[in-house]
>>> print(open('entry_9.txt').read())   # compact mmCIF, C-alpha atoms and all ligand atoms
# COMPACT_ATOMS: atom_id res chain seq x y z
CA MET O 1 25.11 13.72 -0.79
CA ARG O 2 23.69 10.24 -1.19
CA THR O 3 23.97 8.65 -4.63
CA LEU O 4 21.23 6.16 -5.54
CA ASP O 5 21.04 3.45 -8.17
CA VAL O 6 17.29 4.06 -8.54
CA ALA O 7 14.90 6.77 -7.37
CA VAL O 8 11.27 5.67 -7.25
CA VAL O 9 8.77 8.54 -7.37
CA GLY O 10 5.72 7.95 -5.20
CA ALA O 11 5.36 5.91 -2.00
CA GLY O 12 2.05 4.30 -2.86
CA PRO O 13 1.66 0.52 -3.01
CA ALA O 14 3.14 0.33 -6.54
CA GLY O 15 6.17 2.48 -5.73
CA LEU O 16 6.88 0.72 -2.45
CA TYR O 17 6.61 -2.70 -4.05
CA ALA O 18 8.85 -1.69 -6.97
CA ALA O 19 11.38 -0.32 -4.49
CA LEU O 20 11.23 -3.54 -2.48
CA LEU O 21 11.91 -5.72 -5.53
CA LEU O 22 14.80 -3.49 -6.63
CA ALA O 23 16.28 -3.47 -3.12
CA GLU O 24 16.04 -7.27 -2.96
CA GLU O 25 18.07 -7.36 -6.20
CA GLY O 26 20.79 -5.35 -4.48
CA PHE O 27 20.09 -1.89 -5.88
CA ASP O 28 20.43 1.13 -3.63
CA VAL O 29 16.89 2.54 -3.84
CA GLY O 30 15.35 5.76 -2.60
CA VAL O 31 11.62 6.56 -2.61
CA LEU O 32 10.60 10.17 -3.20
CA GLU O 33 7.18 11.07 -1.78
CA GLU O 34 5.62 14.51 -2.09
CA HIS O 35 3.74 14.15 1.21
CA SER O 36 5.56 14.21 4.53
CA VAL O 37 3.81 11.06 5.80
CA VAL O 38 3.46 7.90 3.70
CA GLY O 39 -0.22 7.01 3.14
CA VAL O 40 -1.51 10.39 4.29
CA PRO O 41 -3.84 11.77 3.09
CA ALA O 42 -5.57 8.40 2.84
CA HIS O 43 -6.63 7.33 -0.62
CA CYS O 44 -7.70 3.83 0.29
CA THR O 45 -10.60 2.65 2.41
CA GLY O 46 -8.49 -0.16 3.81
CA VAL O 47 -10.21 -3.22 2.38
CA ILE O 48 -7.44 -5.44 1.05
CA SER O 49 -7.37 -9.01 -0.16
CA ASP O 50 -5.45 -11.77 1.54
CA GLU O 51 -3.18 -11.87 -1.52
CA VAL O 52 -2.21 -8.21 -1.15
CA SER O 53 -1.93 -8.59 2.61
CA ASP O 54 0.50 -11.47 2.16
CA LEU O 55 2.46 -9.62 -0.54
CA PHE O 56 3.06 -6.62 1.71
CA LYS O 57 3.25 -8.73 4.87
CA VAL O 58 0.72 -6.52 6.65
CA PRO O 59 1.08 -7.29 10.38
CA ASP O 60 -1.92 -8.97 12.01
CA SER O 61 -1.92 -6.19 14.59
CA LEU O 62 -3.15 -3.79 11.90
CA VAL O 63 -6.07 -5.96 10.81
CA LEU O 64 -9.22 -4.47 12.29
CA ASN O 65 -11.75 -7.00 11.03
CA ARG O 66 -12.11 -10.06 8.80
CA PRO O 67 -15.58 -9.96 7.27
CA SER O 68 -17.01 -13.12 5.72
CA ALA O 69 -18.49 -11.13 2.83
CA CYS O 70 -18.09 -7.71 1.19
CA ALA O 71 -20.24 -5.58 -1.09
CA LEU O 72 -18.40 -3.19 -3.43
CA VAL O 73 -20.66 -0.32 -4.51
CA SER O 74 -19.66 1.85 -7.49
CA PRO O 75 -20.61 5.55 -7.75
CA SER O 76 -23.35 4.52 -10.20
CA GLY O 77 -24.83 2.25 -7.55
CA ARG O 78 -23.75 -1.01 -9.19
CA THR O 79 -22.88 -3.56 -6.51
CA VAL O 80 -20.53 -6.53 -6.60
CA ARG O 81 -20.82 -8.93 -3.68
CA ILE O 82 -17.86 -11.07 -2.64
CA ASP O 83 -18.66 -14.02 -0.41
CA GLY O 84 -16.35 -16.36 1.42
CA GLY O 85 -13.08 -15.84 3.21
CA GLY O 86 -9.97 -14.83 1.35
CA CYS O 87 -11.57 -12.76 -1.40
CA ALA O 88 -11.59 -9.36 0.23
CA SER O 89 -11.27 -10.25 3.79
CA ARG O 90 -9.20 -7.70 5.61
CA PHE O 91 -10.02 -4.25 6.80
CA CYS O 92 -7.07 -2.31 8.04
CA ASN O 93 -6.02 1.26 8.60
CA SER O 94 -4.29 1.60 5.25
CA PRO O 95 -2.13 4.67 5.96
CA THR O 96 -0.82 2.92 9.04
CA ALA O 97 -0.31 -0.31 7.12
CA LEU O 98 1.50 1.45 4.29
CA THR O 99 3.76 3.26 6.74
CA ALA O 100 4.52 0.01 8.58
CA CYS O 101 5.32 -1.74 5.32
CA SER O 102 7.56 1.06 4.07
CA GLU O 103 9.46 1.22 7.33
CA ARG O 104 9.98 -2.51 7.53
CA ARG O 105 10.61 -3.44 3.93
CA LEU O 106 12.70 -0.62 2.52
CA PRO O 107 16.43 -0.37 3.13
CA GLU O 108 17.51 2.04 5.83
CA SER O 109 18.30 5.47 4.45
CA ARG O 110 21.85 6.65 4.69
CA SER O 111 22.74 10.29 4.97
C1 LIG D 201 -11.57 6.59 -2.32
C2 LIG D 201 -10.70 5.38 -2.64
C3 LIG D 201 -10.83 4.23 -1.87
C4 LIG D 201 -10.05 3.10 -2.17
N1 LIG D 201 -10.20 1.98 -1.38
C5 LIG D 201 -9.45 0.88 -1.65
C6 LIG D 201 -9.56 -0.28 -0.84
O1 LIG D 201 -10.30 -0.30 0.14
N2 LIG D 201 -8.78 -1.36 -1.15
C7 LIG D 201 -7.92 -1.34 -2.21
O2 LIG D 201 -7.25 -2.36 -2.43
N3 LIG D 201 -7.80 -0.26 -3.00
C8 LIG D 201 -8.54 0.85 -2.75
N4 LIG D 201 -8.42 1.96 -3.55
C9 LIG D 201 -7.50 1.91 -4.65
C10 LIG D 201 -6.07 2.13 -4.16
O3 LIG D 201 -6.00 3.32 -3.37
C11 LIG D 201 -5.18 2.31 -5.38
O4 LIG D 201 -5.37 1.21 -6.25
C12 LIG D 201 -3.72 2.37 -4.98
O5 LIG D 201 -3.48 3.39 -4.02
C13 LIG D 201 -2.87 2.65 -6.21
O6 LIG D 201 -1.53 2.58 -5.80
P1 LIG D 201 -0.40 3.33 -6.59
O7 LIG D 201 0.89 3.05 -5.87
O8 LIG D 201 -0.49 2.97 -8.04
O9 LIG D 201 -0.79 4.89 -6.54
P2 LIG D 201 -1.00 5.85 -5.23
O10 LIG D 201 -1.50 5.08 -4.04
O11 LIG D 201 -1.83 6.99 -5.74
O12 LIG D 201 0.46 6.34 -4.93
C14 LIG D 201 1.12 7.34 -5.68
C15 LIG D 201 2.00 8.13 -4.72
O13 LIG D 201 2.86 8.98 -5.46
C16 LIG D 201 2.91 10.25 -4.85
N5 LIG D 201 3.27 11.20 -5.91
C17 LIG D 201 2.58 11.51 -7.02
N6 LIG D 201 3.27 12.38 -7.76
C18 LIG D 201 4.43 12.63 -7.12
C19 LIG D 201 5.55 13.44 -7.40
N7 LIG D 201 5.64 14.17 -8.54
N8 LIG D 201 6.57 13.46 -6.53
C20 LIG D 201 6.52 12.73 -5.38
N9 LIG D 201 5.47 11.93 -5.07
C21 LIG D 201 4.43 11.88 -5.92
C22 LIG D 201 1.53 10.45 -4.27
O14 LIG D 201 1.52 11.39 -3.22
C23 LIG D 201 1.20 9.04 -3.78
O15 LIG D 201 1.61 8.81 -2.44
C24 LIG D 201 -9.16 3.11 -3.26
C25 LIG D 201 -9.04 4.29 -4.03
C26 LIG D 201 -9.79 5.41 -3.72
C27 LIG D 201 -9.63 6.66 -4.55
>>> encode(input="entry_9.txt", output="structure tokens")
Amino acid sequence: MRTLDVAVVGAGPAGLYAALLLAEEGFDVGVLEEHSVVGVPAHCTGVISDEVSDLFKVPDSLVLNRPSACALVSPSGRTVRIDGGGCASRFCNSPTALTACSERRLPESRS
């Protein structure tokens, strides 16, 4: 049986990033996810900022589009428009991106 220093519950962006930071500090980290595939079912449309993209090192191959402007529409109909590059400029398939990030950035599991 594998013994871990830390078990992170949930392989969403927060859990994966926490696991990454812990692993970089030398801890033996495992991530426990209730779903069999990371990022599925999707709970993100896939619009991510350049800052988040850089943080998770999302590969360019997963970027589907780089719009020059975005409009965020709340359920109440309120709209926030973001103009200019770099604010919210990447559309990607988020389950695929999350899976790619988790596979690349987390330590290999040992049985
Ligand atoms: C419809 C929708 C669209 C969105 N679109 C965008 C977008 O385009 N861009 C953007 O930046 N953000 C978007 N968001 C917000 C984004 O999805 C969240 O901010 C982000 O997923 C939160 O990350 P998290 O790691 O905190 O939680 P989550 O992503 O919810 O991750 C938590 C994980 O923990 C797992 N889990 C929970 N309980 C347990 C348990 N007991 N045992 C094991 N595993 C467990 C869950 O299965 C899940 O995988 C969207 C959200 C919604 C609802």
>>> residues_near_ligand(input="entry_9.txt", ligand="ligand LIG 201 (chain D)", cutoff="9 Å", atoms="only C-alpha atoms and all ligand atoms", output="PyMOL selection string")
chain O and resi 8-17+31-35+37-49+52+88+91-92+94
>>> atom_distance(input="entry_9.txt", atom1="CA of Pro67 in chain O", atom2="CA of Asp83 in chain O")
9.2 Å
>>> atom_distance(input="entry_9.txt", atom1="CA of Phe56 in chain O", atom2="CA of Ala19 in chain O")
12.1 Å
>>> atom_distance(input="entry_9.txt", atom1="CA of Leu4 in chain O", atom2="CA of Phe27 in chain O")
8.1 Å
>>> residues_near_point(input="entry_9.txt", point="(-17.1, -5.1, -6.9)", cutoff="12 Å", atoms="only C-alpha atoms", output="list in words")
Val47, Ala69, Cys70, Ala71, Leu72, Val73, Ser74, Pro75, Ser76, Gly77, Arg78, Thr79, Val80, Arg81, Ile82, Asp83, Cys87 and Ala88 of chain O
>>> closest_residue(input="entry_9.txt", among="O:Leu64, O:Glu51, O:Val58, O:Ala7", to="Val29 in chain O", atoms="only C-alpha atoms")
O:Ala7
>>> axis_aligned_box(input="entry_9.txt", around="range 65-70 of chain O", padding_each_side="6 Å", output="AutoDock Vina command-line options")
--center_x -15.1 --center_y -10.1 --center_z 6.1 --size_x 18.7 --size_y 18.1 --size_z 21.8
